[in-house]
Amino acid sequence: MSRENYLEKIEEKINNSELGDIFVASDFKDIAPSDVANKCLFRLSESGVVCRIMRGVYEYPEYNDFLKEYVAPSPDKVAHALARNFGWTIVPSGDTALNLLGLSTQVPAVWLYVSDGTYKEYLYDNVKIKFKRTTNKEISKISYKTAFIIQALKALGKEQITDAMIEKLSTSLSKTEKEAILSEAKYATSWIYDTIKTICK
């Protein structure tokens with residue numbers, strides 16, 4: 001396949017995605033080799049189809065008609081794109097987990113994720129994303145949602161969990177998700193599992 005055909009197919013896939021989506025070369029492994037995909041993404045950034053956030057990371061930009069400006073890239077989407085590129089499993093941690101679950105309105109100073117990859121930090125537009133290596137049992141042997149809830153509870157601490165928080169988490173989970181979390185979280189710290197049992201009632 002020629003370089004132009006690769007470019008056309010990658011552009012088509014991007015145009016069929018949602019505005020605000022983040023892309024890395026590995027997202028196009030079904031279309032082109034990694035080095036070719038990277039070159040195509042760079043060319044598409046030069047033509048304005050995508051915006052380059054940092055080296056190897058691009059956004060399909062979303063424009064806000066009311067504000068008359070482009071919406072800032074989602075740090076969480078950027079973090080997951082980076083993880084995809086490296087083949088890492090990641091889970092939001094600390095204030096990041098609390099913010100994404102709606103348990104805190106405070107925007108994290110650092111977007112923190114536990115990971116089964118190496119320790120890494122990335123900075124773009126005054127946004128810092130940090131990956132912190134953790135034990136596989138915390139993230140790799142349980143579902144994303146279970147690990148997410150556990151990380152949020154750890155960030156809060158036993159004494160800071162309110163009935164309102166428990167209710168918010170409970171209503172956000174489906175019956176199937178609650179069953180999975182109850183099964184997967186059995187080996188978490190006792191107070192965390194007790195809290196999860198209350199959430200999943």
# chains A, B, ... in the order shown; residues from 1 in each chain; ligands from 1
>>> residues_around(residues="segment 98-107 of chain A", least_positions_apart="5", cutoff="10 Å", atoms="only C-alpha atoms", output="ChimeraX atom specification")
/A:76,92-93,148-149,151-153,155-156,161,164-166,168-169,172
>>> closest_residue(among="A:Val91, A:Val127, A:Leu112, A:Ala81", to="Ser143 of chain A", atoms="only C-alpha atoms")
A:Val91
>>> residues_around(residues="segment 130-140 of chain A", least_positions_apart="6", cutoff="7 Å", atoms="only C-alpha atoms", output="PyMOL selection string")
chain A and resi 89+110-122+147
>>> select_by_dssp(residues="segment 4-166 of chain A", states="alpha helix (DSSP H)", output="PyMOL selection string")
chain A and resi 4-15+34-46+75-86+94-100+136-139+144-156+163-166
>>> select_by_dssp(residues="chain A", states="strand (DSSP E)", output="PyMOL selection string")
chain A and resi 22-23+51-54+57-59+63-64+69-70+90-92+111-115+120-124+127-133
>>> residues_around(residues="Gly48 of chain A", least_positions_apart="3", cutoff="12 Å", atoms="only C-alpha atoms", output="MDAnalysis selection string")
chainID A and resid 11 41:45 51:52 58:61
>>> closest_residue(among="A:Ala79, A:Ile142, A:Leu67, A:Ala185", to="Cys200 of chain A", atoms="only C-alpha atoms")
A:Ala185
>>> atom_distance(atom1="atom CA of Phe66 of chain A", atom2="atom CA of Asn126 of chain A")
24.1 Å
>>> atom_distance(atom1="atom CA of Ile10 of chain A", atom2="atom CA of Lys128 of chain A")
28.3 Å
>>> residues_around(residues="Trp191 of chain A", least_positions_apart="2", cutoff="12 Å", atoms="only C-alpha atoms", output="list in words")
Ile150, Leu153, Lys154, Gly157, Lys158, Glu159, Ile161, Ala185, Lys186, Tyr187, Ala188, Thr189, Tyr193, Asp194, Thr195, Ile196, Lys197 and Thr198 of chain A
>>> closest_residue(among="A:Lys9, A:Lys145, A:Ile14, A:Lys201", to="Glu177 of chain A", atoms="only C-alpha atoms")
A:Lys145
>>> residues_around(residues="Tyr6 of chain A", least_positions_apart="5", cutoff="10 Å", atoms="only C-alpha atoms", output="list in words")
Met1, Glu11, Glu12, Phe28, Ile31, Ala32, Pro33, Val36, Ala37 and Cys40 of chain A
>>> atom_distance(atom1="atom CA of Asn38 of chain A", atom2="atom CA of Ala72 of chain A")
22.1 Å
>>> decode(residues="segment 163-194 of chain A", atoms="N, CA and C atoms", output="CSV table (one decimal), in the first residue's frame")
chain,number,residue,atom,x,y,z
A,163,ASP,N,-21.7,9.2,53.7
A,163,ASP,CA,-22.8,8.5,53.1
A,163,ASP,C,-23.1,9.0,51.7
A,164,ALA,N,-22.9,10.3,51.5
A,164,ALA,CA,-23.2,10.9,50.2
A,164,ALA,C,-22.3,10.3,49.1
A,165,MET,N,-21.0,10.1,49.5
A,165,MET,CA,-20.1,9.5,48.6
A,165,MET,C,-20.4,8.1,48.3
A,166,ILE,N,-20.8,7.3,49.3
A,166,ILE,CA,-21.2,5.9,49.1
A,166,ILE,C,-22.4,5.8,48.2
A,167,GLU,N,-23.4,6.7,48.4
A,167,GLU,CA,-24.6,6.8,47.6
A,167,GLU,C,-24.2,7.1,46.1
A,168,LYS,N,-23.3,8.0,45.9
A,168,LYS,CA,-22.9,8.4,44.6
A,168,LYS,C,-22.3,7.3,43.8
A,169,LEU,N,-21.4,6.6,44.5
A,169,LEU,CA,-20.7,5.4,43.9
A,169,LEU,C,-21.7,4.3,43.6
A,170,SER,N,-22.6,4.1,44.6
A,170,SER,CA,-23.6,3.0,44.4
A,170,SER,C,-24.5,3.2,43.2
A,171,THR,N,-25.0,4.5,43.0
A,171,THR,CA,-25.9,4.7,41.9
A,171,THR,C,-25.2,4.7,40.6
A,172,SER,N,-23.8,4.9,40.6
A,172,SER,CA,-23.1,4.9,39.3
A,172,SER,C,-22.8,3.5,38.8
A,173,LEU,N,-23.0,2.5,39.6
A,173,LEU,CA,-22.6,1.1,39.3
A,173,LEU,C,-23.9,0.3,38.9
A,174,SER,N,-23.7,-0.5,37.9
A,174,SER,CA,-24.8,-1.4,37.5
A,174,SER,C,-24.8,-2.6,38.4
A,175,LYS,N,-25.8,-3.4,38.3
A,175,LYS,CA,-25.9,-4.6,39.2
A,175,LYS,C,-24.8,-5.6,38.8
A,176,THR,N,-24.5,-5.7,37.5
A,176,THR,CA,-23.4,-6.6,37.1
A,176,THR,C,-22.0,-6.1,37.6
A,177,GLU,N,-21.8,-4.8,37.5
A,177,GLU,CA,-20.6,-4.2,38.0
A,177,GLU,C,-20.4,-4.4,39.5
A,178,LYS,N,-21.5,-4.3,40.3
A,178,LYS,CA,-21.5,-4.5,41.7
A,178,LYS,C,-21.1,-5.9,42.0
A,179,GLU,N,-21.7,-6.9,41.3
A,179,GLU,CA,-21.3,-8.3,41.5
A,179,GLU,C,-19.9,-8.6,41.2
A,180,ALA,N,-19.3,-8.0,40.2
A,180,ALA,CA,-17.9,-8.2,39.8
A,180,ALA,C,-17.0,-7.6,40.9
A,181,ILE,N,-17.4,-6.4,41.3
A,181,ILE,CA,-16.5,-5.7,42.3
A,181,ILE,C,-16.5,-6.4,43.6
A,182,LEU,N,-17.7,-6.9,44.1
A,182,LEU,CA,-17.7,-7.7,45.3
A,182,LEU,C,-16.8,-8.9,45.2
A,183,SER,N,-16.8,-9.5,44.1
A,183,SER,CA,-16.0,-10.8,43.9
A,183,SER,C,-14.5,-10.4,43.8
A,184,GLU,N,-14.2,-9.4,43.1
A,184,GLU,CA,-12.8,-9.1,42.8
A,184,GLU,C,-12.1,-8.4,44.0
A,185,ALA,N,-12.8,-7.7,44.8
A,185,ALA,CA,-12.2,-6.8,45.8
A,185,ALA,C,-12.0,-7.6,47.2
A,186,LYS,N,-12.2,-8.9,47.2
A,186,LYS,CA,-12.2,-9.6,48.4
A,186,LYS,C,-10.8,-9.5,49.1
A,187,TYR,N,-9.7,-9.3,48.3
A,187,TYR,CA,-8.4,-9.3,48.9
A,187,TYR,C,-7.9,-7.9,49.2
A,188,ALA,N,-8.8,-6.9,49.0
A,188,ALA,CA,-8.4,-5.6,49.4
A,188,ALA,C,-8.3,-5.4,50.9
A,189,THR,N,-7.7,-4.3,51.4
A,189,THR,CA,-7.7,-4.0,52.8
A,189,THR,C,-9.1,-4.2,53.4
A,190,SER,N,-9.2,-4.7,54.6
A,190,SER,CA,-10.5,-5.0,55.2
A,190,SER,C,-11.5,-3.8,55.2
A,191,TRP,N,-11.0,-2.6,55.5
A,191,TRP,CA,-12.0,-1.5,55.6
A,191,TRP,C,-12.4,-1.1,54.2
A,192,ILE,N,-11.6,-1.3,53.2
A,192,ILE,CA,-12.0,-1.0,51.8
A,192,ILE,C,-13.0,-2.0,51.4
A,193,TYR,N,-12.8,-3.2,51.7
A,193,TYR,CA,-13.8,-4.2,51.3
A,193,TYR,C,-15.1,-4.0,52.0
A,194,ASP,N,-15.1,-3.7,53.3
A,194,ASP,CA,-16.3,-3.4,54.0
A,194,ASP,C,-17.1,-2.2,53.4
